[in-house]
$ cat structure.pdb   # PDB, C-alpha atoms
ATOM      1  CA  MET U  10      -1.637 -35.576 -66.244
ATOM      2  CA  VAL U  11       0.556 -33.617 -68.634
ATOM      3  CA  LEU U  12       0.900 -29.864 -68.367
ATOM      4  CA  PRO U  13       1.031 -27.809 -71.546
ATOM      5  CA  LYS U  14       4.491 -26.808 -72.691
ATOM      6  CA  PHE U  15       5.370 -23.142 -72.800
ATOM      7  CA  GLU U  16       8.423 -21.226 -73.771
ATOM      8  CA  VAL U  17       9.819 -18.275 -71.858
ATOM      9  CA  THR U  18      11.465 -15.496 -73.848
ATOM     10  CA  ALA U  19      13.139 -12.351 -72.595
ATOM     11  CA  GLN U  20      11.846 -10.103 -75.375
ATOM     12  CA  ARG U  21       9.789  -7.867 -73.072
ATOM     13  CA  GLY U  22      12.723  -7.494 -70.689
ATOM     14  CA  ARG U  23      15.052  -6.436 -73.486
ATOM     15  CA  GLN U  24      12.571  -3.863 -74.741
ATOM     16  CA  ILE U  25      12.263  -2.303 -71.280
ATOM     17  CA  ASP U  26      16.054  -2.352 -70.939
ATOM     18  CA  ARG U  27      16.354  -0.480 -74.241
ATOM     19  CA  GLU U  28      13.800   2.097 -73.052
ATOM     20  CA  ILE U  29      15.690   2.560 -69.779
ATOM     21  CA  ALA U  30      18.971   3.020 -71.676
ATOM     22  CA  ARG U  31      17.305   5.616 -73.925
ATOM     23  CA  VAL U  32      15.936   7.495 -70.907
ATOM     24  CA  ASP U  33      19.370   7.363 -69.229
ATOM     25  CA  LYS U  34      20.900   9.032 -72.290
ATOM     26  CA  LEU U  35      18.220  11.722 -72.222
ATOM     27  CA  ILE U  36      18.857  12.303 -68.502
ATOM     28  CA  ALA U  37      22.586  12.688 -69.129
ATOM     29  CA  ARG U  38      21.956  15.127 -71.987
ATOM     30  CA  ALA U  39      19.408  17.196 -70.038
ATOM     31  CA  SER U  40      21.496  17.298 -66.865
ATOM     32  CA  LYS U  41      24.248  19.087 -68.797
ATOM     33  CA  GLN U  42      21.799  21.889 -69.578
ATOM     34  CA  ILE U  43      20.899  22.563 -65.940
ATOM     35  CA  LYS U  44      23.976  24.691 -65.321
ATOM     36  CA  SER U  45      24.047  27.757 -67.562
ATOM     37  CA  THR U  46      27.325  28.685 -69.225
ATOM     38  CA  ASP U  47      28.775  32.193 -69.009
ATOM     39  CA  LEU U  48      27.938  32.799 -72.654
ATOM     40  CA  ASP U  49      24.349  31.720 -72.069
ATOM     41  CA  LYS U  50      24.073  33.985 -69.041
ATOM     42  CA  THR U  51      25.444  36.883 -71.076
ATOM     43  CA  LEU U  52      23.204  36.369 -74.081
ATOM     44  CA  ASN U  53      20.104  35.505 -72.077
ATOM     45  CA  ASN U  54      20.401  37.775 -69.072
ATOM     46  CA  GLU U  55      17.283  38.950 -67.284
ATOM     47  CA  LYS U  56      17.338  42.535 -68.589
ATOM     48  CA  LEU U  57      17.687  41.560 -72.244
ATOM     49  CA  THR U  58      14.980  38.924 -72.122
ATOM     50  CA  ARG U  59      12.483  41.344 -70.600
ATOM     51  CA  ALA U  60      13.201  43.840 -73.362
ATOM     52  CA  ALA U  61      12.964  41.149 -76.033
ATOM     53  CA  ALA U  62       9.982  39.336 -74.514
ATOM     54  CA  ILE U  63       7.953  40.094 -77.615
ATOM     55  CA  PHE U  64      10.243  37.713 -79.533
ATOM     56  CA  GLY U  65       9.651  34.891 -77.064
ATOM     57  CA  GLY U  66      13.093  34.757 -75.452
ATOM     58  CA  ASN U  67      13.697  33.238 -72.043
ATOM     59  CA  SER U  68      16.329  34.060 -69.436
ATOM     60  CA  ALA U  69      19.169  31.701 -68.595
ATOM     61  CA  ASP U  70      17.659  31.091 -65.158
ATOM     62  CA  HIS U  71      14.344  30.120 -66.723
ATOM     63  CA  LEU U  72      16.055  27.777 -69.194
ATOM     64  CA  SER U  73      17.957  26.048 -66.379
ATOM     65  CA  ALA U  74      14.749  25.666 -64.369
ATOM     66  CA  VAL U  75      13.087  24.073 -67.398
ATOM     67  CA  ALA U  76      16.069  21.724 -67.793
ATOM     68  CA  ALA U  77      15.837  20.764 -64.106
ATOM     69  CA  SER U  78      12.129  20.031 -64.528
ATOM     70  CA  ARG U  79      12.898  17.924 -67.592
ATOM     71  CA  VAL U  80      15.474  15.890 -65.643
ATOM     72  CA  MET U  81      12.969  15.367 -62.818
ATOM     73  CA  LEU U  82      10.318  14.099 -65.264
ATOM     74  CA  LEU U  83      12.845  11.814 -66.968
ATOM     75  CA  GLU U  84      13.894  10.343 -63.616
ATOM     76  CA  GLN U  85      10.241   9.669 -62.762
ATOM     77  CA  GLU U  86       9.802   7.980 -66.136
ATOM     78  CA  ARG U  87      12.862   5.831 -65.416
ATOM     79  CA  MET U  88      11.425   4.788 -62.034
ATOM     80  CA  VAL U  89       8.163   3.740 -63.687
ATOM     81  CA  LEU U  90      10.097   1.751 -66.304
ATOM     82  CA  GLU U  91      12.039   0.044 -63.520
ATOM     83  CA  ALA U  92       8.720  -0.863 -61.892
ATOM     84  CA  MET U  93       7.519  -2.323 -65.200
ATOM     85  CA  ARG U  94      10.417  -4.788 -65.072
ATOM     86  CA  ARG U  95       8.826  -6.530 -62.110
ATOM     87  CA  PRO U  96       5.879  -8.818 -62.711
ATOM     88  CA  ALA U  97       2.546  -7.049 -62.576
ATOM     89  CA  THR U  98      -1.016  -7.620 -63.645
ATOM     90  CA  LEU U  99      -2.186  -6.379 -67.004
ATOM     91  CA  GLU U 100      -4.192  -3.588 -65.364
ATOM     92  CA  GLU U 101      -1.160  -2.364 -63.380
ATOM     93  CA  ARG U 102       0.977  -2.478 -66.516
ATOM     94  CA  ASN U 103      -1.600  -0.406 -68.420
ATOM     95  CA  LEU U 104      -1.667   2.148 -65.587
ATOM     96  CA  MET U 105       2.137   2.377 -65.695
ATOM     97  CA  ALA U 106       2.087   2.853 -69.468
ATOM     98  CA  ALA U 107      -0.504   5.630 -69.082
ATOM     99  CA  GLU U 108       1.647   7.291 -66.426
ATOM    100  CA  ILE U 109       4.682   7.170 -68.722
ATOM    101  CA  GLU U 110       2.630   8.770 -71.494
ATOM    102  CA  GLN U 111       1.517  11.572 -69.142
ATOM    103  CA  LEU U 112       5.131  12.208 -68.118
ATOM    104  CA  ARG U 113       6.179  12.402 -71.765
ATOM    105  CA  ILE U 114       3.377  14.854 -72.555
ATOM    106  CA  ALA U 115       4.408  17.036 -69.600
ATOM    107  CA  ARG U 116       8.038  16.950 -70.784
ATOM    108  CA  ARG U 117       7.019  17.986 -74.318
ATOM    109  CA  ASN U 118       4.942  20.864 -72.948
ATOM    110  CA  LEU U 119       7.964  22.278 -71.107
ATOM    111  CA  ASP U 120       9.339  23.671 -74.351
ATOM    112  CA  ASP U 121       6.114  25.300 -75.456
ATOM    113  CA  ALA U 122       6.425  28.917 -74.270
ATOM    114  CA  ALA U 123       2.767  29.732 -74.935
ATOM    115  CA  LYS U 124       1.562  27.045 -72.512
ATOM    116  CA  GLN U 125       3.974  28.230 -69.799
ATOM    117  CA  ARG U 126       2.649  31.784 -69.688
TER     118      ARG U 126
END
$ encode --input "structure.pdb" --output "structure tokens"
Amino acid sequence: MVLPKFEVTAQRGRQIDREIARVDKLIARASKQIKSTDLDKTLNNEKLTRAAAIFGGNSADHLSAVAASRVMLLEQERMVLEAMRRPATLEERNLMAAEIEQLRIARRNLDDAAKQR
């Protein structure tokens, strides 16, 4: 009895590694925005943003909270990508891909001020 020959490639692994590297860069960029600078606190203080709320401005505290939420969502996305590295059934992989898509949608909605209010 002869078994059929098959070839193993690491293409899927490389693609996931590239996604994880991209998410790591986004985490590093977003984590810098968590701590507000003095200039940001001055320009976006609570009193000014309440007065200028009609223009859609946000306070420095609100912007840092949004950045912290973004980092949290990116870290969850990274954990799901790490889980996708391990062998899984096709159904589990589809569920993980759907979860990643939901996390990305939530991250995009963080910047939309109309949806936050």
$ residues_around --input "structure.pdb" --residues "Val80 in chain U" --least-positions-apart "2" --cutoff "7 Å" --atoms "all atoms listed in the file" --output "list in words"
Ile36, Ala39, Ser40, Ala76, Ala77, Ser78, Leu82, Leu83 and Glu84 of chain U
$ write_last_selection --input "structure.pdb" --atoms "C-alpha atoms" --output "mmCIF file, keeping the file's coordinate frame"
data_model
loop_
_atom_site.group_PDB
_atom_site.id
_atom_site.type_symbol
_atom_site.label_atom_id
_atom_site.label_comp_id
_atom_site.auth_asym_id
_atom_site.auth_seq_id
_atom_site.Cartn_x
_atom_site.Cartn_y
_atom_site.Cartn_z
ATOM 1 C CA ILE U 36 18.857 12.303 -68.502
ATOM 2 C CA ALA U 39 19.408 17.196 -70.038
ATOM 3 C CA SER U 40 21.496 17.298 -66.865
ATOM 4 C CA ALA U 76 16.069 21.724 -67.793
ATOM 5 C CA ALA U 77 15.837 20.764 -64.106
ATOM 6 C CA SER U 78 12.129 20.031 -64.528
ATOM 7 C CA LEU U 82 10.318 14.099 -65.264
ATOM 8 C CA LEU U 83 12.845 11.814 -66.968
ATOM 9 C CA GLU U 84 13.894 10.343 -63.616
#
$ resolve_selection --input "structure.pdb" --expression "the PyMOL selection byres ((chain U and resi 88) around 12)" --output "ChimeraX atom specification"
/U:25,28-29,32-33,81-87,89-95,105,108-109,112
$ atom_distance --input "structure.pdb" --atom1 "CA of Ser73 in chain U" --atom2 "CA of Lys41 in chain U"
9.7 Å
$ atom_distance --input "structure.pdb" --atom1 "CA of Gln24 in chain U" --atom2 "CA of Asn103 in chain U"
15.9 Å
$ atom_distance --input "structure.pdb" --atom1 "CA of Arg38 in chain U" --atom2 "CA of Thr51 in chain U"
22.1 Å
$ axis_aligned_box --input "structure.pdb" --around "range 110-121 of chain U" --padding-each-side "4 Å" --output "AutoDock Vina command-line options"
--center_x 5.4 --center_y 17.0 --center_z -71.8 --size_x 15.8 --size_y 24.5 --size_z 15.3
